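What follows is a single structure, written as structure tokens, with notes after it.
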There are 4 protein chains.
Amino acid sequence: MSLQNETLRDHACLIVHGPDQPGLVAAVTALVTRNKGNIVSLDQYSDDPEGGSFFQRVVFHRADLKAALPDVEADIATTLEPYGMQWRITDQSIPKRMAILASTSDHCLLDLLWRHRRGDLPVTIPMVVSNHTSTADDVRSFGVPFFHVPSQGADKTEAEARIIELLKGNVDFIVLARYMQILSSDFLAQVGVPVINIHHSFLPAFIGAAPYRKAKERGVKLIGATSHYVTDDLDEGPIIEQDVVRVTHADTAADLQRRGADVERAVLSRAVLWHAQDRVIRHGNHTIVF
Amino acid sequence: MSLQNETLRDHACLIVHGPDQPGLVAAVTALVTRNKGNIVSLDQYSDDPEGGSFFQRVVFHRADLKAALPDVEADIATTLEPYGMQWRITDQSIPKRMAILASTSDHCLLDLLWRHRRGDLPVTIPMVVSNHTSTADDVRSFGVPFFHVPSQGADKTEAEARIIELLKGNVDFIVLARYMQILSSDFLAQVGVPVINIHHSFLPAFIGAAPYRKAKERGVKLIGATSHYVTDDLDEGPIIEQDVVRVTHADTAADLQRRGADVERAVLSRAVLWHAQDRVIRHGNHTIVF
Amino acid sequence: MSLQNETLRDHACLIVHGPDQPGLVAAVTALVTRNKGNIVSLDQYSDDPEGGSFFQRVVFHRADLKAALPDVEADIATTLEPYGMQWRITDQSIPKRMAILASTSDHCLLDLLWRHRRGDLPVTIPMVVSNHTSTADDVRSFGVPFFHVPSQGADKTEAEARIIELLKGNVDFIVLARYMQILSSDFLAQVGVPVINIHHSFLPAFIGAAPYRKAKERGVKLIGATSHYVTDDLDEGPIIEQDVVRVTHADTAADLQRRGADVERAVLSRAVLWHAQDRVIRHGNHTIVF
Amino acid sequence: MSLQNETLRDHACLIVHGPDQPGLVAAVTALVTRNKGNIVSLDQYSDDPEGGSFFQRVVFHRADLKAALPDVEADIATTLEPYGMQWRITDQSIPKRMAILASTSDHCLLDLLWRHRRGDLPVTIPMVVSNHTSTADDVRSFGVPFFHVPSQGADKTEAEARIIELLKGNVDFIVLARYMQILSSDFLAQVGVPVINIHHSFLPAFIGAAPYRKAKERGVKLIGATSHYVTDDLDEGPIIEQDVVRVTHADTAADLQRRGADVERAVLSRAVLWHAQDRVIRHGNHTIVF
């Protein structure tokens, strides 16, 4: 899972998925070769060779990719049509545009901004939107625009509309860095790009609010964090990444929160990296992570 | 967490718990000293210094412990009475008697028998009781008696009565090594000793049957195992130990089961070791593990 | 990394490695397809797209594989010759024959025998050879032949010659399950099959004898185990797998040994599984593990 | 390992170590009680009950601690003199003063500053000293003074003298947050406070420079980081904390460096926290971490 920004020029990533059938890998690799692509990495997975679903990710180098892309796309469409496969191709040298929605907690937010500045996340960050102003100075010190959109009570219609205005057309995906507000189905439908959340528990344990308090009450010996795509069902979206850390009876709920914060930022940063690298394919309520 | 059988002679383990109050640790350590004990290890914990509960475990060496024990116990009773504390003292050189209840799965069962033979578990194993005969030869090859008590349909009254007959008076605690039968409240009340279970998930995720299938359906990225004391509430008893292992989209439900088996036996063996060493104190639905 | 013995019928595993060059993946997948193979899994890696080395593992299903294999092999040879690649193809339904060399420690030995009986290792075990007899009964209770070849002092020529006699022609690889004897270069040359060792430290820390004692002396906070291919250079062969476990100042050297035993058997079993599945490619002093 | 700043008022931490002998724990706990202290936590360890060394850490609450401390100290001195023990007592409400020495890498430095601002490190940070200016703005944005002391070639006498001037009398311990300069014995002797380093490998593997390159060359499957006290022997000081992360053949040396950075900052922050809480006792080349 190398991240070498300088070598991403003229690299394309092709994702193919659909009903599994013989000859698919050969068809895709032949396609890449006849379009003068040199395969850099290839992953494939079938959840059932007999009548299951097929998933493939190919990264290839192609000199003068930008100029060639329209022809390559036409060839892909023609080649894959008989197989009934879905596909998408991306120029790996073009970073995805990632908006961050945040609240008062700064650990996930600052970790993403710092990793981005360090060159470890192949994205641009056009904006951070928060319902509080406490992180404004920090965000702007990274050279990232900060917008304050307060959450106004139970009716979130207006706040969501304002956020949509800011995001619409400007972002390729959204990260909820401990945003702590439940987004409406309308918002998700309108915004039209993937939304990645970090939940502060090892889902499906401790769904909903206050998971660290619930973990303390249940007396668990490990606490965790889960990054997942947001869907209409709270905390039920496809899981991208999870991790845990060991705790003891002596850790208070405040300790769990403090220690969990480290797991949260680590898990979220991995999920964001993998999404940004087109390594994650959604399939029903699951993810395939190559 | 050293286990040196040869050095356990003349070692006592004193467990004290009850309402926290000033001077408790000093009272207990003075008590040990005036009874000619030399403290080898001491752990204490208070869940709230103001009005909370206090827990202490002291291991001390006392020459000629066996002869001295009645006097020591009398002194403990007198000393701790004004504090209203519960206590128990055990001679660490006397291994606890552990019965194992098993079914067709052999991984947890054989692991416990093998660790015991190796000298890594300070217990004796007076019997293995199983509702199948498939592991009988293996069990007996370790020199451990094997009894077959079939589970007869929905009504478990007769089977449980037969098991009670075998266990009654012969064991200090019971381990369910993937026994797969739910024990009745009556059984638990009659048997009168702690019962330790291994559940094949990271509780409270995937309570109940078929957790690996549920884990596959939910698409989690880690699977786990949980060892807990058995109570009337299924999978809700106090957790002693938990652990997890990383899995991917490519692991089938059968893979999860195979890989989970390693976590199950590791987690169960740690829980059994700690229980056998009097390291685990139950408190409501929690455990303090020293 | 699924292990489904029943579905391995008519499955071939093709390993290709050599100088990286454009079109290799396409050439191999086209080859598989024109030989009526359906690709089940494919992994590839290049350590440097410009002038580096290329490694590929393809598992494919081909009806009536056994009959077709000679033709497939001829096609592979013809196809890959211009590329100057090394290759090997195996029928995945034919388990590799694994000999185990052991000594007095039984933890790695019994773990491998138990996993094999459970169906979790796709190998046959034609023999266990030990320089002590202490494990003979256990080994034979698994239905596996046991041979005793004592180590006779400093001169191992005779013992090694006797072991060679037993192994020659009967095994596809050898596992040193805490064998504790250093094999001579002559032995390695004559035996002519891969030899996998488990070293009881996180190599390259604590090379040589008594690593747990050295770990205790250095005061490390983690101890580990390393499985590697045996070469003429002691503890310097290509590493297949490693893992660690947390320890504290309170763990004695005996504790480290006891706790390390669990890591050793876990690490060795993974290395053996991956080798048996043709997932490990040696390259200089490294391994590629697909 | 709870960190509750608000409850540290009137809390003292007493560290006792020296030759093990009967009655020590009782003597110390009686001492605390007669000085009106209420024991909050107590840890003790003996590396050998027969003629070994004894280590104890007691945290106790004592109303009006500041005023009482001189009397408490006098009592401790009198009580422990006959035992020949070393001891120190600290008022837990007074944070230690921590200086950070850094260079161009910002990951450990910023992580410490961020954790401090968040209230997760019970220290003050009077200064950051760096041999480069690249992190000056970041450091000052946290309200922490930044001093630039360039490393001037092979002769570090002048630079070290300048750093001593800055530190002398102003700090209780020093953290090398990837400082990358070897401090002279003279410097260590003059500065007179503990110095904590983070080494970017799992010591004792890969001692010295360029450990990630060496790890890549050796083909290890885990990389790690080690935090230790600095002594005259490079990378040989007492280890406080270590951790590892899994890597594969596909990770480049740059990947190892990027992924290792996360382990480095996590390991260093734990070592710093435990030192700041007086949890770490040095003993020869080892640490006892309570």
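Simple scheme: letters A, B, ... for chains in structure tokens order, numbers from 1 for residues in each chain, numbers from 1 for ligands in the order shown.
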
Original post:
What are the residues of chain C that have an atom within 12 Å of an atom of chain A, counting only C-alpha atoms, as a PyMOL selection string?
Top reply: chain C and resi 1-2+7+20-50+52+54-62+246+290

**OP:** Would you mind writing down, as a list in words, each residue of region 104-209 of chain A that DSSP on the backbone assigns to strand (DSSP E or B)?
**Re:** Val123, Thr124, Ile125, Pro126, Met127, Val128, Val129, Ser130, Phe146, Phe147, His148, Phe173, Ile174, Val175, Leu176, Ala177, Val195, Ile196, Asn197, Ile198 and His199 of chain A

Emit the selected residues as a PDB file, in the first residue's frame, including N, CA and C atoms.
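Listing of out-v1.pdb after writing:
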ATOM      1  N   VAL A 123      -4.961  13.671  -1.313  1.00  0.00           N
ATOM      2  CA  VAL A 123      -6.221  14.406  -1.495  1.00  0.00           C
ATOM      3  C   VAL A 123      -5.918  15.899  -1.473  1.00  0.00           C
ATOM      4  N   THR A 124      -6.904  16.697  -1.901  1.00  0.00           N
ATOM      5  CA  THR A 124      -6.903  18.117  -1.554  1.00  0.00           C
ATOM      6  C   THR A 124      -8.025  18.314  -0.538  1.00  0.00           C
ATOM      7  N   ILE A 125      -7.889  19.376   0.262  1.00  0.00           N
ATOM      8  CA  ILE A 125      -8.919  19.629   1.280  1.00  0.00           C
ATOM      9  C   ILE A 125      -9.488  21.012   1.036  1.00  0.00           C
ATOM     10  N   PRO A 126     -10.548  21.112   0.227  1.00  0.00           N
ATOM     11  CA  PRO A 126     -11.072  22.442  -0.110  1.00  0.00           C
ATOM     12  C   PRO A 126     -11.723  23.147   1.070  1.00  0.00           C
ATOM     13  N   MET A 127     -12.172  22.399   2.077  1.00  0.00           N
ATOM     14  CA  MET A 127     -12.831  23.081   3.196  1.00  0.00           C
ATOM     15  C   MET A 127     -13.039  22.156   4.396  1.00  0.00           C
ATOM     16  N   VAL A 128     -13.091  22.819   5.559  1.00  0.00           N
ATOM     17  CA  VAL A 128     -13.588  22.180   6.775  1.00  0.00           C
ATOM     18  C   VAL A 128     -14.846  22.931   7.175  1.00  0.00           C
ATOM     19  N   VAL A 129     -15.920  22.201   7.440  1.00  0.00           N
ATOM     20  CA  VAL A 129     -17.158  22.814   7.911  1.00  0.00           C
ATOM     21  C   VAL A 129     -17.401  22.309   9.326  1.00  0.00           C
ATOM     22  N   SER A 130     -17.654  23.240  10.238  1.00  0.00           N
ATOM     23  CA  SER A 130     -17.875  22.822  11.625  1.00  0.00           C
ATOM     24  C   SER A 130     -19.086  23.543  12.198  1.00  0.00           C
ATOM     25  N   PHE A 146     -12.074  27.430   6.457  1.00  0.00           N
ATOM     26  CA  PHE A 146     -12.947  26.952   7.529  1.00  0.00           C
ATOM     27  C   PHE A 146     -14.286  27.672   7.428  1.00  0.00           C
ATOM     28  N   PHE A 147     -15.378  26.924   7.452  1.00  0.00           N
ATOM     29  CA  PHE A 147     -16.703  27.533   7.439  1.00  0.00           C
ATOM     30  C   PHE A 147     -17.486  27.096   8.664  1.00  0.00           C
ATOM     31  N   HIS A 148     -18.134  28.060   9.292  1.00  0.00           N
ATOM     32  CA  HIS A 148     -18.927  27.762  10.483  1.00  0.00           C
ATOM     33  C   HIS A 148     -20.405  27.691  10.107  1.00  0.00           C
ATOM     34  N   PHE A 173     -15.500  13.504  -1.881  1.00  0.00           N
ATOM     35  CA  PHE A 173     -16.043  12.728  -0.760  1.00  0.00           C
ATOM     36  C   PHE A 173     -15.965  13.558   0.508  1.00  0.00           C
ATOM     37  N   ILE A 174     -16.711  13.112   1.514  1.00  0.00           N
ATOM     38  CA  ILE A 174     -16.853  13.862   2.755  1.00  0.00           C
ATOM     39  C   ILE A 174     -16.443  12.972   3.917  1.00  0.00           C
ATOM     40  N   VAL A 175     -15.696  13.554   4.856  1.00  0.00           N
ATOM     41  CA  VAL A 175     -15.309  12.810   6.054  1.00  0.00           C
ATOM     42  C   VAL A 175     -15.951  13.464   7.267  1.00  0.00           C
ATOM     43  N   LEU A 176     -16.646  12.652   8.053  1.00  0.00           N
ATOM     44  CA  LEU A 176     -17.194  13.140   9.318  1.00  0.00           C
ATOM     45  C   LEU A 176     -16.171  12.841  10.411  1.00  0.00           C
ATOM     46  N   ALA A 177     -15.414  13.886  10.792  1.00  0.00           N
ATOM     47  CA  ALA A 177     -14.344  13.713  11.774  1.00  0.00           C
ATOM     48  C   ALA A 177     -14.890  13.994  13.167  1.00  0.00           C
ATOM     49  N   VAL A 195     -19.785   9.452   1.920  1.00  0.00           N
ATOM     50  CA  VAL A 195     -19.549  10.074   3.220  1.00  0.00           C
ATOM     51  C   VAL A 195     -18.967   9.011   4.151  1.00  0.00           C
ATOM     52  N   ILE A 196     -17.798   9.317   4.732  1.00  0.00           N
ATOM     53  CA  ILE A 196     -17.100   8.373   5.611  1.00  0.00           C
ATOM     54  C   ILE A 196     -17.208   8.866   7.043  1.00  0.00           C
ATOM     55  N   ASN A 197     -17.622   7.992   7.945  1.00  0.00           N
ATOM     56  CA  ASN A 197     -17.768   8.351   9.357  1.00  0.00           C
ATOM     57  C   ASN A 197     -16.777   7.564  10.202  1.00  0.00           C
ATOM     58  N   ILE A 198     -16.464   8.093  11.388  1.00  0.00           N
ATOM     59  CA  ILE A 198     -15.725   7.322  12.395  1.00  0.00           C
ATOM     60  C   ILE A 198     -16.636   7.175  13.603  1.00  0.00           C
ATOM     61  N   HIS A 199     -16.918   5.918  13.967  1.00  0.00           N
ATOM     62  CA  HIS A 199     -17.743   5.665  15.151  1.00  0.00           C
ATOM     63  C   HIS A 199     -16.832   5.207  16.271  1.00  0.00           C
TER      64      HIS A 199
END

Quick one: residues within 12 Å of Glu73 (chain A), only C-alpha atoms, excluding same-chain residues fewer than 4 positions away - as a tab-separated table (two decimals) with N, CA, C and O atoms, in the first residue's frame?
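So out33.tsv came out as:
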chain	number	residue	atom	x	y	z
A	12	ALA	N	-3.20	5.08	-13.97
A	12	ALA	CA	-4.66	4.98	-13.92
A	12	ALA	C	-5.06	3.85	-13.00
A	12	ALA	O	-4.33	2.87	-12.86
A	13	CYS	N	-6.22	4.02	-12.36
A	13	CYS	CA	-6.77	2.95	-11.54
A	13	CYS	C	-8.12	2.55	-12.11
A	13	CYS	O	-9.03	3.38	-12.19
A	14	LEU	N	-8.24	1.31	-12.52
A	14	LEU	CA	-9.48	0.81	-13.09
A	14	LEU	C	-10.15	-0.15	-12.10
A	14	LEU	O	-9.53	-1.11	-11.64
A	31	LEU	N	-6.98	-5.90	-22.29
A	31	LEU	CA	-7.43	-4.52	-22.56
A	31	LEU	C	-6.36	-3.51	-22.16
A	31	LEU	O	-6.03	-2.58	-22.90
A	32	VAL	N	-5.81	-3.70	-20.95
A	32	VAL	CA	-4.78	-2.77	-20.49
A	32	VAL	C	-3.57	-2.83	-21.41
A	32	VAL	O	-3.02	-1.79	-21.83
A	35	ASN	N	-3.89	-1.19	-24.75
A	35	ASN	CA	-3.91	0.26	-24.63
A	35	ASN	C	-2.58	0.79	-24.11
A	35	ASN	O	-2.50	1.91	-23.60
A	65	LEU	N	-1.10	9.61	-20.25
A	65	LEU	CA	-2.41	9.06	-19.87
A	65	LEU	C	-3.55	10.01	-20.18
A	65	LEU	O	-4.59	9.61	-20.72
A	66	LYS	N	-3.34	11.26	-19.84
A	66	LYS	CA	-4.43	12.23	-19.96
A	66	LYS	C	-5.00	12.27	-21.38
A	66	LYS	O	-6.22	12.24	-21.58
A	67	ALA	N	-4.10	12.32	-22.36
A	67	ALA	CA	-4.55	12.38	-23.74
A	67	ALA	C	-5.20	11.07	-24.16
A	67	ALA	O	-6.16	11.05	-24.95
A	68	ALA	N	-4.71	9.96	-23.62
A	68	ALA	CA	-5.19	8.65	-24.06
A	68	ALA	C	-6.50	8.24	-23.40
A	68	ALA	O	-7.19	7.34	-23.90
A	69	LEU	N	-6.85	8.89	-22.29
A	69	LEU	CA	-7.95	8.39	-21.46
A	69	LEU	C	-9.27	8.21	-22.21
A	69	LEU	O	-9.95	7.18	-22.04
A	77	ALA	N	-15.47	0.39	-22.23
A	77	ALA	CA	-16.92	0.28	-22.37
A	77	ALA	C	-17.29	-0.83	-23.35
A	77	ALA	O	-18.14	-1.67	-23.07
A	78	THR	N	-16.62	-0.83	-24.49
A	78	THR	CA	-16.89	-1.85	-25.51
A	78	THR	C	-16.55	-3.24	-25.00
A	78	THR	O	-17.30	-4.20	-25.20
A	79	THR	N	-15.39	-3.35	-24.33
A	79	THR	CA	-14.91	-4.66	-23.88
A	79	THR	C	-15.80	-5.24	-22.78
A	79	THR	O	-16.12	-6.43	-22.80
A	80	LEU	N	-16.20	-4.37	-21.83
A	80	LEU	CA	-16.91	-4.90	-20.66
A	80	LEU	C	-18.42	-5.00	-20.86
A	80	LEU	O	-19.10	-5.66	-20.09
A	81	GLU	N	-18.93	-4.35	-21.91
A	81	GLU	CA	-20.38	-4.38	-22.13
A	81	GLU	C	-20.93	-5.81	-22.19
A	81	GLU	O	-21.91	-6.11	-21.50
A	87	TRP	N	-17.89	-0.33	-14.06
A	87	TRP	CA	-16.47	0.04	-14.01
A	87	TRP	C	-16.32	1.54	-13.80
A	87	TRP	O	-17.23	2.32	-14.04
A	88	ARG	N	-15.17	1.90	-13.32
A	88	ARG	CA	-14.78	3.32	-13.28
A	88	ARG	C	-13.27	3.38	-13.37
A	88	ARG	O	-12.56	2.46	-12.92
A	89	ILE	N	-12.77	4.43	-14.00
A	89	ILE	CA	-11.32	4.60	-14.13
A	89	ILE	C	-10.95	5.98	-13.63
A	89	ILE	O	-11.68	6.95	-13.88
A	90	THR	N	-9.87	6.06	-12.89
A	90	THR	CA	-9.44	7.36	-12.38
A	90	THR	C	-7.96	7.59	-12.70
A	90	THR	O	-7.17	6.65	-12.76
A	91	ASP	N	-7.63	8.84	-12.95
A	91	ASP	CA	-6.24	9.26	-13.13
A	91	ASP	C	-5.67	9.46	-11.72
A	91	ASP	O	-6.08	10.36	-11.00

**OP:** Fewer than 3 positions away in the same chain doesn't count, so skip those; otherwise give me all residues within 6 Å of region 105-116 of chain A, counting only C-alpha atoms, as a PyMOL selection string.
**Re:** chain A and resi 119-121+177+265

Restrict the selected residues to N, CA and C atoms and save them as a tab-separated table (two decimals), in the first residue's frame.
chain	number	residue	atom	x	y	z
A	119	GLY	N	2.02	15.05	3.36
A	119	GLY	CA	2.06	14.36	2.07
A	119	GLY	C	1.65	12.90	2.14
A	120	ASP	N	1.00	12.52	3.23
A	120	ASP	CA	0.63	11.11	3.40
A	120	ASP	C	-0.79	10.79	2.95
A	121	LEU	N	-1.55	11.82	2.55
A	121	LEU	CA	-2.91	11.57	2.06
A	121	LEU	C	-3.04	12.19	0.66
A	177	ALA	N	-15.41	13.89	10.79
A	177	ALA	CA	-14.34	13.71	11.77
A	177	ALA	C	-14.89	13.99	13.17
A	265	ARG	N	-8.48	8.13	15.53
A	265	ARG	CA	-7.77	8.87	14.48
A	265	ARG	C	-6.96	7.93	13.60

Original post:
Distance CA of His11 (chain A)-CA of Gln92 (chain A), one decimal place?
Top reply: 5.4 Å

Original post:
How far is it from CA of Gln181 (chain A) to CA of Leu101 (chain A), in Å with one decimal?
Top reply: 9.6 Å

**OP:** Skip Tyr212 (chain B) itself and residues of its chain fewer than 3 positions away, then list as a ChimeraX atom specification all residues within 10 Å of it, counting only C-alpha atoms.
**Re:** /B:200-201,206,209,215-218,223-224,252-258,260

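Summary of the local environment: counting only C-alpha atoms, residues at most 7 Å from region 274-282 of chain C, other than itself and those fewer than 5 positions away along its chain, are Lys96, Pro122, Val123, Thr287, Ile288, Val289 and Phe290 of chain C.
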
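What separates CA of Val144 (chain B) from CA of Tyr229 (chain B) is a distance of 23.9 Å.
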
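Every protein or nucleic acid residue with an atom no more than 12 Å from Glu165 (chain C), counting only C-alpha atoms and leaving out same-chain residues fewer than 6 positions away, appears here: Val129, Phe147, Val149, Glu158, Ala159, Val171, Phe187, Gln190 and Val191 of chain C.
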
Subject >> alpha helix (DSSP H) residues, from DSSP on the backbone, in region 33-217 of chain A, as a ChimeraX atom specification >> reply: /A:33-34,65-80,107-118,136-141,157-167,185-191,211-217

Requested write-out: C-alpha atoms of the selected residues, as a short mmCIF file (atom, residue, chain, number, x, y, z; two decimals), in the first residue's frame:
data_model
loop_
_atom_site.label_atom_id
_atom_site.label_comp_id
_atom_site.auth_asym_id
_atom_site.auth_seq_id
_atom_site.Cartn_x
_atom_site.Cartn_y
_atom_site.Cartn_z
CA THR A 33 -1.97 -4.20 -22.58
CA ARG A 34 -3.45 -3.27 -25.96
CA LEU A 65 -2.41 9.06 -19.87
CA LYS A 66 -4.43 12.23 -19.96
CA ALA A 67 -4.55 12.38 -23.74
CA ALA A 68 -5.19 8.65 -24.06
CA LEU A 69 -7.95 8.39 -21.46
CA PRO A 70 -10.95 8.98 -23.76
CA ASP A 71 -9.82 6.18 -26.08
CA VAL A 72 -9.08 3.88 -23.15
CA GLU A 73 -12.52 4.54 -21.69
CA ALA A 74 -14.20 3.79 -25.00
CA ASP A 75 -12.32 0.50 -25.24
CA ILE A 76 -13.26 -0.42 -21.66
CA ALA A 77 -16.92 0.28 -22.37
CA THR A 78 -16.89 -1.85 -25.51
CA THR A 79 -14.91 -4.66 -23.88
CA LEU A 80 -16.91 -4.90 -20.66
CA HIS A 107 -8.22 14.78 17.34
CA CYS A 108 -9.50 13.28 14.10
CA LEU A 109 -9.67 16.64 12.34
CA LEU A 110 -6.10 17.73 13.15
CA ASP A 111 -4.71 14.29 12.42
CA LEU A 112 -6.14 14.37 8.90
CA LEU A 113 -4.89 17.92 8.30
CA TRP A 114 -1.44 17.03 9.58
CA ARG A 115 -1.19 13.85 7.50
CA HIS A 116 -2.28 15.81 4.46
CA ARG A 117 0.37 18.49 5.02
CA ARG A 118 2.95 15.77 5.51
CA ALA A 136 -11.13 27.62 13.17
CA ASP A 137 -7.66 28.98 13.90
CA ASP A 138 -6.04 25.56 13.84
CA VAL A 139 -7.68 24.65 10.55
CA ARG A 140 -6.68 27.92 8.90
CA SER A 141 -3.09 27.54 10.13
CA THR A 157 -33.01 21.56 7.42
CA GLU A 158 -31.48 25.00 7.22
CA ALA A 159 -28.02 23.95 8.43
CA GLU A 160 -27.92 21.04 6.01
CA ALA A 161 -29.02 23.27 3.15
CA ARG A 162 -26.18 25.69 3.95
CA ILE A 163 -23.66 22.83 4.03
CA ILE A 164 -24.96 21.49 0.72
CA GLU A 165 -24.41 24.93 -0.82
CA LEU A 166 -20.79 24.87 0.31
CA LEU A 167 -20.06 21.32 -0.77
CA SER A 185 -31.49 10.99 4.17
CA ASP A 186 -32.24 14.09 2.14
CA PHE A 187 -28.76 15.44 2.79
CA LEU A 188 -27.12 12.18 1.76
CA ALA A 189 -29.22 12.00 -1.41
CA GLN A 190 -28.50 15.60 -2.38
CA VAL A 191 -24.80 15.65 -1.65
CA PRO A 211 -20.33 4.12 23.45
CA TYR A 212 -17.48 4.63 25.94
CA ARG A 213 -19.93 4.91 28.82
CA LYS A 214 -21.68 1.78 27.58
CA ALA A 215 -18.33 -0.01 27.26
CA LYS A 216 -17.46 0.90 30.84
CA GLU A 217 -20.84 -0.35 32.03
#
